[in-house]
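K.L.:
Following this message is one structure expressed as structure tokens.
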Amino acid sequence: MRGDSFSMSIENIPDSPMVSRKKKMKIRKVFDKMTQWVTPWRSNLESPREMMILRGDVEQDEFQYASSHCLSSYYSVFVVRLAIMVMLAILIGLLTVLTWHFTRIYTKQSLKTLAYGLRYELLQRPVLRMWSVVNTTSELTTAQVKLSEYVIKKSDKPTTQEELVEMYQAMKDVTWALFASAKALNAITINYRNGFVQAFHRDPASSSTFYIFSDLKNYSINGIGPEDVSGWNNQSIHGNMSAIWYQQQLDPVTGDKLGKPLKIPPDDLINIAGISQVPDGEASWHVTVSKYMDSPLLSAALPVFDASNKSIVAVVGVTTALYSVGQLMRDLVDVHGGHIYLTSQEGYLLATSTNGPLLKNTTNGPKLMKAIDSEEWVIRAGAQWLEKTYGSKRPQEVHAENVKLGDQRYYIDSFYLNLKRLPIRGVVIIPRKFIMGKVDERAFKTLIILISASVCIFFIGCVCILILTNGVSKEMKLRAELIRQLDARRRAEASSNYKSQFLANMSHELRTPMAAVIGLLDILISDDCLSNEQYATVTQIRKCSTALLRLLNNILDLSKVESGKLVLEEAEFDLGRELEGLVDMFSVQCINQNVETVLDLSDDMPALVRGDSARLVQIFANLISNSIKFTTTGHIILRGWCENINSLHDEMSLTVDRKKPWAPMKTKLVQHRNHLQKCCKNANKMVLWFEVDDTGCGIDPSKWDSVFESFEQADPSTTRTHGGTGLGLCIVRNLVNKMGGEIKVVQKNGLGTLMRLYLILSTPETADQNIQPDFSKYGLVVLLSMYGSTARMITSKWLRTHGIATVEASDWNELTQIIRDLLEMGSRDNSFDSQNNIADSLRAELSNIKEIKNPVFVIVVDIGVLDLTTDIWKEQLNYLDRFSNKAKFAWLLKHDTSNIVKTELRRKGHVMMVNKPLYKAKMIQILEAVIKNRKRCSGLRNRGNWNSDDSSETSGEKHIDKSVQPSTLHSPVLKNYLIDATNSNDDSTSASMTQKNPEEEDWKDRLYSGIALDGKNLKSLEGIRILLAEDTPVLQRVATIMLEKMGATVTAVWDGQQAVDSLNYKSINAQDPTEEHKSSEEETANNSINPQSSLRNSSPYDLILMDCQMPKMDGYEATKAIRRAEIGTEQHIPIVALTAHAMSSDEAKCLEVGMDAYLTKPIDRNLMVSTILSLTKPSSA
Amino acid sequence: MDLVQMQKSLQDYTKSLFLEGILDSQFLQLQQLQDESNPDFVSQVVTLFFQDSDRILNDLSLSLDQQVVDFKKVDPHVHQLKGSSSSIGAQRVKNACVVFRSFCEQQNVEACHRCLQQVKQEYYLVKNRLETLFKLEQQIVASGGMIPPVELGF
């Protein structure tokens, strides 16, 4: 992602616009490509990137972080893929190798065994043949010897030539018989001692048989003797040139002579065994060659002993051709292939399976050939290999495989045949191809197939893995995306938190100068030497500043609620009275705009509820002020009704039917209720429903939800025309939610907005609520003459439900008509006149009223019905005065009703005057006053404070008697709604505040909710004893003076420890009279306090102002210590924290350790006064 | 004539103190608290402030000159100075203290030294100005005049 930052920096380079743009594009592309190449998955990041660009460079590093995260995840995916593929490859490879190995090895093994058997068999046969050849030879030789011995013995010691010839002839016959019987014999020779040789010979080439004999004439009989044995040698046969050799052809079957004997040279002689071959008289074997045969011959020689067995008389030699062995081997090889050869121990070839010559022709005739010299290449190579491998120490058996001869592989097997005197070796050479050729081919094919198959499987597997991991990695990417989004959301929330924190801090900082401004304005207002205009202006500024402060407070509230630090207090309060005060307050604003403010609370509303009254009032203040802002004509109704949470379900269906759009909220409420029931079964929870209904411009349905967002206004032009920040409704919603309720804009018939909300508040257990006086039995008739139709309708409806006959009149004419109709019953003319004008329904009602016996008429007249613009109102008053003996007049005054009117009314004896708006409580008070008055004698009527007495008696509530109680200790809201006419002054224009009577101050208190500061407030802390714990001397001094100026008695200590000590000390010496009342300015006030202080003289101070940060023991510790000391007693000294931090968490900490309130430094005088008063008053009231 | 001029110059001087931001509304409140029963309340408080602050600044200098700075000691001092300065309305001292505290929280010795100098500077400035103010007032009182009420001119 470095490319991005780089390209961004490139964009910042100033250049001529067109060129730079093109360049930028190019560079951008290059970088895009680069980054794409580096990060191929970048395309996935496009959308978050756009989003992040919108969010600005704060998210830049997040972006980098995210992409690096992505990179690493990509690598991990890559590595995983690779690993899986490698594993797959290994698996498949292993499988392939194993398959190949097993198939091949097993075949090979079995084949090898078979091949071994074959080779063994192959060799065994020629060897056996060889054996049989040798056997035959041996047997024949032995037979010949035995026969010879027999014949020779028979002609023992032939002495004559004839005998000798006879013997030789016998020998010849015998030998011939033998020779003829054994066809395989090549030759039989008999070599006599005297050198005579007889031999039979077969020539296979010509297939003729010869008899070979030497000339008898040269041999003497004497020659035969043991002593001449040494002279008997082979040379004599060939070397005896004197002997003449004859060869006579014989008939091969009969042995008859064919032709004459031919003389042959000794060279043509066959091998004739001589005495040399049997030197020890034993049989001997050897291989010879003959020039008639191209194969070696096996010749055996045996001596023939004489009768005494002492001397050898002749040597018999039998020669057999090995040709047949070679023939057998050839036959075998023809079938099986390969080569077989037999050698003697010395390595001379005896037989081979080939047709090659076994003998080599030398100058000395044919000779035996060694195997390594064989003309046959395979045999030569095999013999050479054997020679090379084993040398002279050749083992008995050799089995070699895979011997490479030339370019082919062979099996070579060698066997050893141990014949006595003629050991023979057999060698079999079989090309490997013959046995394993097919197998090798098959194995090769199998291998190829296996490899190709596994490669295929591998590739398919890789593709599968790719597909699979692609899915997984996609999911991973999605998850990463999700995580990143969540992270981003968290950050966004955090930044929004920072924002509200910042707002909170800012507004806190702003509050300080605002407090200064307001404080200074208060100082200015209390200045006596202001002109009226100046006073008005300053008051205006004061109002504006208050509004500004309220805005700041709103922001603070909002951030408090949003950060969850807002803690709602739980205290009992009179809901009705709070709302009445609110409506009173707003009606002042409304009247200026021709808007009625109506309070319509149902009778079942609980009088006392537990909750945070200030926040509740804030909710409605915001809602109503919002409505007022948008309503120019018409009315604003604050409706309230109540539902027991337990009975909610039963009413559900009804409510749903009636108010369809409300249904979802209802169900939610039911859920909520279930939850509530679970968690707090005992608590007496009430669902209080409220509606704020106005006839203003209304809110577009699409904005119904969004108006509750902060800084959100239904119409952007609102700020221009109406002002405001759009915070009000947001705070309202937050507060409502905090109180377990919900708020919503609801569809309304007609113009305007209808906000509906519910709150879940608990009511005190001991509430003896809803004591509604029963008015029906008094026969009251009320004539409501008000020009505001809504308020009139609601009031009359309420009156009627309580059994009071009510007549409505909207203007002066109607009023006079009805009055005349009702009160001037005697005069027929008038009634006739009225009957013409009055509507039928009204007439019916009037006639009903006339039925009532002894009615008490109460006429409630709005002052607005009178024509105040001209002087006509006096006439009208005079007119009404005529009926004052028949009916009671109650007057509804506006807050700006001029003094002259009031004076006039008072002069006429109209004492019942209430300020608008008229609501239930005021109506009840009027009615009660009337009833009371009626009960009493009429003489009491003129008493100034009759109404307050009445109310205190009838309502059963505690009422502070003004004449008795000092004004400084008034409860902030008075029950008395009636304006005492004797002392009335004009509120708005009065310049001298000091002249005001207590009621009006109360009124003003209500109006400005305690903000207004007048001259009296300077001494408002009269007689209150305050312990000030503060370590900073400056602050201590300032606070002391400030408090003392307001009449309080201040004891200052330097730290928490001293505070605790002085408290203990004081409580011990509580009776010490000198400690009390050091300020002697207002003795009277002290007198009035005295009873209270004597009541509470167990605690020496009324209040403690405690700095939080102090040496030795800080405020928190000190508070804890004091609260600990209080355990077990009924005391509770109010402790007010003084803190410089002024954060809500500090407040929480203060309250946690047991403090009652907190003030921020620098000390704001008004706030301090109101706090102190609010904490000290309840105990005095 | 002389008296009137003196009063006017006092007014201007007071105004300038507010305009320069050396003092704020708290000082006005102090002046409001001064009446016949406490004729020299403001100067009393301010003198108290001077004594207190001199001590605190001394302590602060000592603490910060230590080899190892104990911020747990420094912080309450600054806090106290902030409280007292805000009580008499010495706005610039208070602001300097706020900055000082933030550095104390970061335990930044060097910045704390700088802040201490800043606080001292502001303190001596406000001290000088207030002393001049009181001198002017005394002159007016000595020449039998009334101290004019402070205008809300800031």
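Order determines the names: the first chain of the structure tokens is A, the second B, and so forth; residues in each chain are numbered 1 upward, and ligands are numbered 1 upward as they are shown.
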Chain B residues within 12 Å of chain A, counting only C-alpha atoms: which ones, as a VMD selection string?
P.N.:
chain B and resid 24 to 53 55 to 56 73 75 to 91 94 to 95 98 101 149 to 154
K.L.:
Pick out each residue of stretch 17-67 of chain B that DSSP on the backbone tags as helix (DSSP H, G or I); I need them as a ChimeraX atom specification.
P.N.:
/B:17-19,25-33,41-65
K.L.:
Between atom CA of A:Val1136 and atom CA of B:Phe71, what is the spacing in Å?
P.N.:
28.7 Å
K.L.:
Would you compute the distance between atom CA of A:Leu688 and atom CA of A:Tyr758? Give it in Å to one decimal.
P.N.:
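Taking atom CA of A:Leu688 as the start and atom CA of A:Tyr758 as the end point, the length is 5.4 Å.
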K.L.:
Residues at most 8 Å from stretch 250-257 of chain A, counting only C-alpha atoms, excluding those fewer than 4 positions away in the same chain, as a list in words?
P.N.:
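The residues that qualify are Trp176, Ala180, Ser208, Thr209, Phe210 and Tyr211 of chain A.
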K.L.:
Can you spit out the residues from that selection as a PDB file, in the first residue's frame, using N, CA, C and O atoms?
P.N.:
ATOM      1  N   TRP A 176      33.850-107.821 -30.693  1.00  0.00           N
ATOM      2  CA  TRP A 176      32.840-107.456 -31.696  1.00  0.00           C
ATOM      3  C   TRP A 176      31.441-107.594 -31.139  1.00  0.00           C
ATOM      4  O   TRP A 176      30.617-106.698 -31.312  1.00  0.00           O
ATOM      5  N   ALA A 180      29.153-104.446 -31.089  1.00  0.00           N
ATOM      6  CA  ALA A 180      27.925-104.374 -31.863  1.00  0.00           C
ATOM      7  C   ALA A 180      26.719-104.098 -30.985  1.00  0.00           C
ATOM      8  O   ALA A 180      25.769-103.464 -31.399  1.00  0.00           O
ATOM      9  N   SER A 208      30.228 -96.170 -41.186  1.00  0.00           N
ATOM     10  CA  SER A 208      30.786 -97.497 -41.461  1.00  0.00           C
ATOM     11  C   SER A 208      31.598 -97.952 -40.271  1.00  0.00           C
ATOM     12  O   SER A 208      32.017 -97.132 -39.443  1.00  0.00           O
ATOM     13  N   THR A 209      31.742 -99.220 -40.163  1.00  0.00           N
ATOM     14  CA  THR A 209      32.464 -99.787 -39.046  1.00  0.00           C
ATOM     15  C   THR A 209      33.739-100.428 -39.569  1.00  0.00           C
ATOM     16  O   THR A 209      33.764-101.046 -40.620  1.00  0.00           O
ATOM     17  N   PHE A 210      34.791-100.169 -38.752  1.00  0.00           N
ATOM     18  CA  PHE A 210      36.075-100.718 -39.180  1.00  0.00           C
ATOM     19  C   PHE A 210      36.650-101.579 -38.072  1.00  0.00           C
ATOM     20  O   PHE A 210      36.376-101.362 -36.887  1.00  0.00           O
ATOM     21  N   TYR A 211      37.425-102.561 -38.560  1.00  0.00           N
ATOM     22  CA  TYR A 211      38.260-103.341 -37.641  1.00  0.00           C
ATOM     23  C   TYR A 211      39.682-102.955 -37.917  1.00  0.00           C
ATOM     24  O   TYR A 211      40.175-103.040 -39.028  1.00  0.00           O
TER      25      TYR A 211
END
K.L.:
Go through B:Gln121, B:Ser63, B:Gln5, B:Gln138 and flag the residue nearest B:Ile22, using only C-alpha atoms for the distances.
P.N.:
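Looking at the shortest contact to B:Ile22, the residue is B:Gln121.
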K.L.:
Just want the 9 Å neighbourhood of A:Leu178, counted on only C-alpha atoms, with same-chain residues fewer than 4 positions away dropped. Output as JSON, numbers by chain.
P.N.:
{"A": [140, 143, 144, 173, 174, 182, 188]}
K.L.:
Using N, CA and C atoms, can you export the residues from the last selection as a PDB file, in the first residue's frame?
P.N.:
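New file out28.pdb:
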ATOM      1  N   LEU A 140      30.628-100.790 -20.225  1.00  0.00           N
ATOM      2  CA  LEU A 140      31.138-101.501 -21.388  1.00  0.00           C
ATOM      3  C   LEU A 140      32.608-101.828 -21.205  1.00  0.00           C
ATOM      4  N   ALA A 143      32.882-104.604 -18.863  1.00  0.00           N
ATOM      5  CA  ALA A 143      32.485-105.846 -19.503  1.00  0.00           C
ATOM      6  C   ALA A 143      33.565-106.379 -20.407  1.00  0.00           C
ATOM      7  N   GLN A 144      34.128-105.456 -21.193  1.00  0.00           N
ATOM      8  CA  GLN A 144      35.196-105.823 -22.124  1.00  0.00           C
ATOM      9  C   GLN A 144      36.368-106.403 -21.356  1.00  0.00           C
ATOM     10  N   ASP A 173      36.192-111.705 -31.600  1.00  0.00           N
ATOM     11  CA  ASP A 173      34.782-112.072 -31.629  1.00  0.00           C
ATOM     12  C   ASP A 173      34.039-111.505 -30.412  1.00  0.00           C
ATOM     13  N   VAL A 174      34.707-111.737 -29.312  1.00  0.00           N
ATOM     14  CA  VAL A 174      34.064-111.238 -28.073  1.00  0.00           C
ATOM     15  C   VAL A 174      33.876-109.745 -28.122  1.00  0.00           C
ATOM     16  N   ALA A 182      26.662-102.361 -28.278  1.00  0.00           N
ATOM     17  CA  ALA A 182      26.597-100.971 -27.787  1.00  0.00           C
ATOM     18  C   ALA A 182      26.837-100.032 -28.938  1.00  0.00           C
ATOM     19  N   ILE A 188      36.304 -99.516 -29.537  1.00  0.00           N
ATOM     20  CA  ILE A 188      36.845-100.345 -28.469  1.00  0.00           C
ATOM     21  C   ILE A 188      38.235-100.768 -28.940  1.00  0.00           C
TER      22      ILE A 188
END
K.L.:
Find the residues around A:Val687 up to 9 Å (only C-alpha atoms counted), leave out those fewer than 2 positions away in its own chain, and share them as JSON, numbers by chain.
P.N.:
{"A": [641, 642, 643, 644, 645, 648, 685, 689, 741, 758, 759, 760, 761, 762]}
K.L.:
Suppose you want the space between atom CA of A:Leu1151 and atom CA of A:Ala1118; what is it in Å?
P.N.:
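A separation of 13.3 Å between them.
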K.L.:
Compare B:Ile140, B:Val119, B:Leu60, B:Val109 by their minimum atom-to-atom distance to B:Gln7, counting only C-alpha atoms, and give me the closest one.
P.N.:
B:Ile140
K.L.:
With only C-alpha atoms as the counted atoms, please give the residues lying no more than 10 Å from B:Arg129, apart from itself and same-chain residues fewer than 5 positions off, as a compact mmCIF listing (two decimals) with C-alpha atoms, in the first residue's frame.
P.N.:
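Output file around28.txt is given in full below:
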# COMPACT_ATOMS: atom_id res chain seq x y z
CA TYR B 13 -6.86 50.26 34.38
CA THR B 14 -9.37 47.79 35.73
CA LEU B 17 -6.94 44.04 33.32
CA ILE B 22 -5.48 38.84 33.51
CA LEU B 23 -8.62 38.90 35.56
CA TYR B 123 1.75 35.36 38.80
CA TYR B 124 4.17 38.24 39.02
CA PHE B 134 -4.75 48.75 44.98
CA LYS B 135 -2.33 51.63 45.03
